[in-house]
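Engineer: Here it is: the structure, laid out below.
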Amino acid sequence: MSGEPKKAKRKLGRQTSKGLKGKTGKGKSTKAIRKRPAAKAAHELKTAASQVKTEEHQLHLSMVKALPDQVEAGAEMKLQLRIVCSEGCELKGRSLAIMAGEAALLDKIELYKYGETANYTSKFSLQAPFAPGKYAWTVVLSPSEQDPLHAECLMPFTLHVKPHVTSIAVWDVASPIEVDSSFKIKAGVHCLAGCSLGGQKVEVYDQDGIKVAVGNLSTSPYSDQVKLYWVDLELKAPAIASNYNWQVRFHEPSLDLPHEGTSCTFGFATVKPADCELAVKVINKETGAPIKQAEVTLHPNLYHGITDDNGVAKIALAGGEYKLTIFASEKAPSGIKYTFKGNLSGRPFTTDGRESMFYVPDANTETMMPFQTAVKVEGDTAISVELVGVIVPLIKDTM
Ligand SMILES: [Zn+2]
Ligand SMILES: [Zn+2]
């Protein structure tokens with residue numbers, strides 16, 4: 001990189017001295033010089049020669065690794081600086097400084113290594129300012145009387161300091177929730193730079209943007225690995241049965257280092273008090289055996305149940321009209337010969353214990369759609385559903 005200008009400059013130097021020699025020797029130099037008396041020419045020769053000697057070398061300062069576009073407030077930045085002389089000089093012993101205007105943030109950063117025509121400082125740390133914003137700083141090689149060939153060299157650079165980014169999560173939200181009842185959620189906040197957020201405030205806002213709860217984050221994090229500070233929030237469900245979206249907000253906290261606020265929305269459904277019971281029994285149509293661990297869901301309020309050893313899920317709910325969905329699956333035992341009816345129609349397979357068995361209505365063995373039906377619940381209601389198992393080949397078998 002520095003090869004070109006270096007060559008050019010050396011050439012220039014040689015030409016200059018050739019020209020001066022020519023004046024006293026073969027007379028190839030300009031007429032103006034030839035006309036002058038010999039003594040004056042000799043003096044000029046001396047001056048010109050010392051000028052060549054003291055002509056400052058061009059210096060180029062740079063960072064070995066460029067700074068990122070933005071750095072977080074207070075972050076420790078690892079820097080290494082490099083300076084290259086157009087003549088390839090070694091500048092060991094000279095040192096650099098980083099200045100913010102007139103103030104030195106760091107000085108005496110020594111150039112300790114020379115290699116491949118460049119001089120390097122060792123890697124050093126520089127702390128980013130706490131206040132977010134744009135900072136114009138300068139790397140400076142101060143002039144040295146002992147080294148007139150290498151004068152002052154400056155490299156301005158800009159630092160963009162941003163607040164720490166935080167993230168928030170909400171979990172353990174039960175749904176549906178009985179109208180007017182109290183319920184709990186958990187919320188946790190995490191600083192991506194790993195700061196302690198213990199004791200900081202989080203707030204909950206309802207569907208109308210009204211603040212309904214405030215809590216303080218735990219003083220210690222969720223775990224050493226997960227620097228998440230969390231809080232249990234006690235809330236009161238609205239009086240009207242419906243679906244709601246509420247928001248948990250973490251405002252910019254009062255910490256030494258600036259942090260961005262963050263928020264997160266969570267949804268839940270409220271329902272009238274349960275006055276009915278729906279019992280759903282799920283049976284294997286081919287064997288008559290109960291299907292355990294089947295998930296029973298009722299929309300729109302997301303009532304939820306799982307079948308027991310007898311294949312029965314009992315759900316307490318408010319009377320009304322619902323859409324009932326049953327989703328059941330299990331691992332298929334190995335050694336069963338089967339023909340898949342789906343998009344691999346007709347191909348014979350034998351299970352090896354890794355296939356899944358999905359339970360669907362008899363009519364859905366091609367589409368694999370789970371069982372769905374509309375139910376009207378007016379009092380205690382019992383439903384029995386017969387499903388058939390369809391073995392689904394492993395993806396790798398279909399390749
Ligand atoms: Zn030099
Ligand atoms: Zn932080």
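The chains in the structure tokens are called A, B, ... from first to last as shown; in each chain the residues are counted from 1, and the ligands are counted from 1 in the order shown.
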What residues of the protein or nucleic acid chains come within 10 Å of ligand 2 when you use only C-alpha atoms and all ligand atoms? Reply as a list of chain:residue names.
Structural biologist: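 The neighbouring residues of ligand 2 are, in order, A:Glu72, A:Ala73, A:Gly74, A:Ala75, A:Pro163, A:His164, A:Val165, A:Thr166, A:His190, A:Cys191, A:Leu192, A:Ala193, A:Gly194, A:Cys195, A:Ser196, A:Leu197, A:Pro253, A:Leu255, A:Asp256, A:Leu257, A:Pro258, A:His259, A:Glu260.
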Engineer: Those residues with C-alpha atoms, as a compact mmCIF listing (two decimals), in the first residue's frame please?
Structural biologist:
# COMPACT_ATOMS: atom_id res chain seq x y z
CA GLU A 72 -22.69 1.06 24.34
CA ALA A 73 -22.39 3.65 27.09
CA GLY A 74 -19.49 2.89 29.42
CA ALA A 75 -18.31 -0.04 27.29
CA PRO A 163 -27.74 3.58 25.75
CA HIS A 164 -27.82 -0.06 26.79
CA VAL A 165 -30.53 -2.10 25.14
CA THR A 166 -32.95 -3.96 27.41
CA HIS A 190 -32.60 -8.13 30.97
CA CYS A 191 -29.84 -5.68 29.98
CA LEU A 192 -27.98 -6.96 26.93
CA ALA A 193 -24.74 -5.67 28.47
CA GLY A 194 -25.47 -7.66 31.63
CA CYS A 195 -26.08 -4.78 34.10
CA SER A 196 -27.88 -5.38 37.36
CA LEU A 197 -31.47 -4.20 37.10
CA PRO A 253 -34.28 3.07 34.73
CA LEU A 255 -28.96 3.83 36.76
CA ASP A 256 -25.56 5.43 36.25
CA LEU A 257 -25.39 4.03 32.76
CA PRO A 258 -28.18 5.05 30.40
CA HIS A 259 -30.59 2.30 29.38
CA GLU A 260 -33.33 2.21 26.81
Engineer: Any residue with an atom at most 8 Å from ligand 1 counts, using only C-alpha atoms and all ligand atoms. Which are they? Put them as a ChimeraX atom specification.
Structural biologist: /A:56-59,85-91,149-150
Engineer: Going by DSSP on the backbone, which bits of region 192-315 of chain A are strand (DSSP E)? Write them as an MDAnalysis selection string, please.
Structural biologist: chainID A and resid 201:205 211:216 228:236 243:250 262:271 276:284 295:299 303:306 312:315
Engineer: Using only C-alpha atoms, determine which residues lie at most 9 Å from Leu235 (chain A), disregarding the query and same-chain residues fewer than 4 positions distant; provide the list as a list in words.
Structural biologist: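 Result of the neighbour search: Ser181, Ser182, Phe183, Lys184, Ile185, Val204, Val212 and Ala213 of chain A.
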Engineer: What does the distance between CA of Lys65 (chain A) and CA of Met77 (chain A) come to in Å, to one decimal place?
Structural biologist: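 Rounded to one decimal, the two atoms are 11.1 Å apart.
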